[in-house]
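**Student:** One structure, as structure tokens, below. Some questions next.
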Amino acid sequence: MRMWMCSPQLLCRKHLLGEHGEIHKHRHNFAKKHKMDGRIGQVFPTQMQSRHDLLAYEMLRRGYNHNSPYSQPDVTYLSDEMLGVGPDIRGNLKDLACRCKECAVLQGEK
């Protein structure tokens, strides 16, 4: 799972829907208090609810369906290191532009 954390308007359809799906898919990891070691810098547990809501808003703005509400699980069991790390949005945008021509176009890169 990876949360890109950039403006959802800069994500192509595949990455927008993919990130949204991953947030839902991995909610149980937090609800069941699974360890998230190795995910620092890719997942931002305290921001999952707000990120979901931004992605859902962008989905609706584009005319896609959204019928999957999200409720933030308790993540206080995670270490301060896991909870305190912030995203590298600039690095994520570069990575997206290299991986995906559509995202690069949305970013004005190509």
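Identifiers in the structure tokens: chain A, B, ... in order shown; residue index from 1 per chain; ligand index from 1 in order shown.
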Which residues are close to Pro45 (chain A), i.e. within 9 Å by only C-alpha atoms, leaving aside same-chain residues fewer than 5 positions away? Reply as a list of chain:residue names.
**Tutor:** A:Phe30, A:Gln72, A:Pro73, A:Val75, A:Leu78, A:Met82, A:Leu83
**Student:** Looking only at helix (DSSP H, G or I) from DSSP on the backbone, list the matching residues of region 49-86 of chain A as number ranges by chain.
**Tutor:** A: 49-61, 80-84
**Student:** For Glu102 (chain A), which of A:His28, A:Lys14, A:Arg62, A:Arg2 is the closest residue, counting only C-alpha atoms?
**Tutor:**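 Of all the options, A:Lys14 lies closest to Glu102 (chain A).
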**Student:** Quick one: residues within 10 Å of Leu10 (chain A), only C-alpha atoms, excluding same-chain residues fewer than 5 positions away - as a list in words?
**Tutor:**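 With the cut-off at 10 Å, the set is His15, Leu16, Leu93, Leu96, Ala97, Glu102, Cys103, Ala104, Val105, Leu106, Gln107 and Gly108 of chain A.
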**Student:** Please compute the CA of Cys100 (chain A)-CA of Leu17 (chain A) distance, one decimal, in Å.
**Tutor:**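 So the two atoms, CA of Cys100 (chain A) and CA of Leu17 (chain A), lie 14.2 Å apart.
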**Student:** When distances are computed from only C-alpha atoms, which of A:Cys12, A:Ile23, A:Met1, A:Ala31 shows the smallest separation from Ser50 (chain A)?
**Tutor:** A:Ile23
**Student:** Go through A:His34, A:Thr46, A:His26, A:Trp4 and flag the residue nearest Gly84 (chain A), using only C-alpha atoms for the distances.
**Tutor:** A:Thr46
**Student:** Which distance in Å separates CA of Glu22 (chain A) and CA of Val85 (chain A), to one decimal?
**Tutor:**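 So the answer is 19.3 Å.
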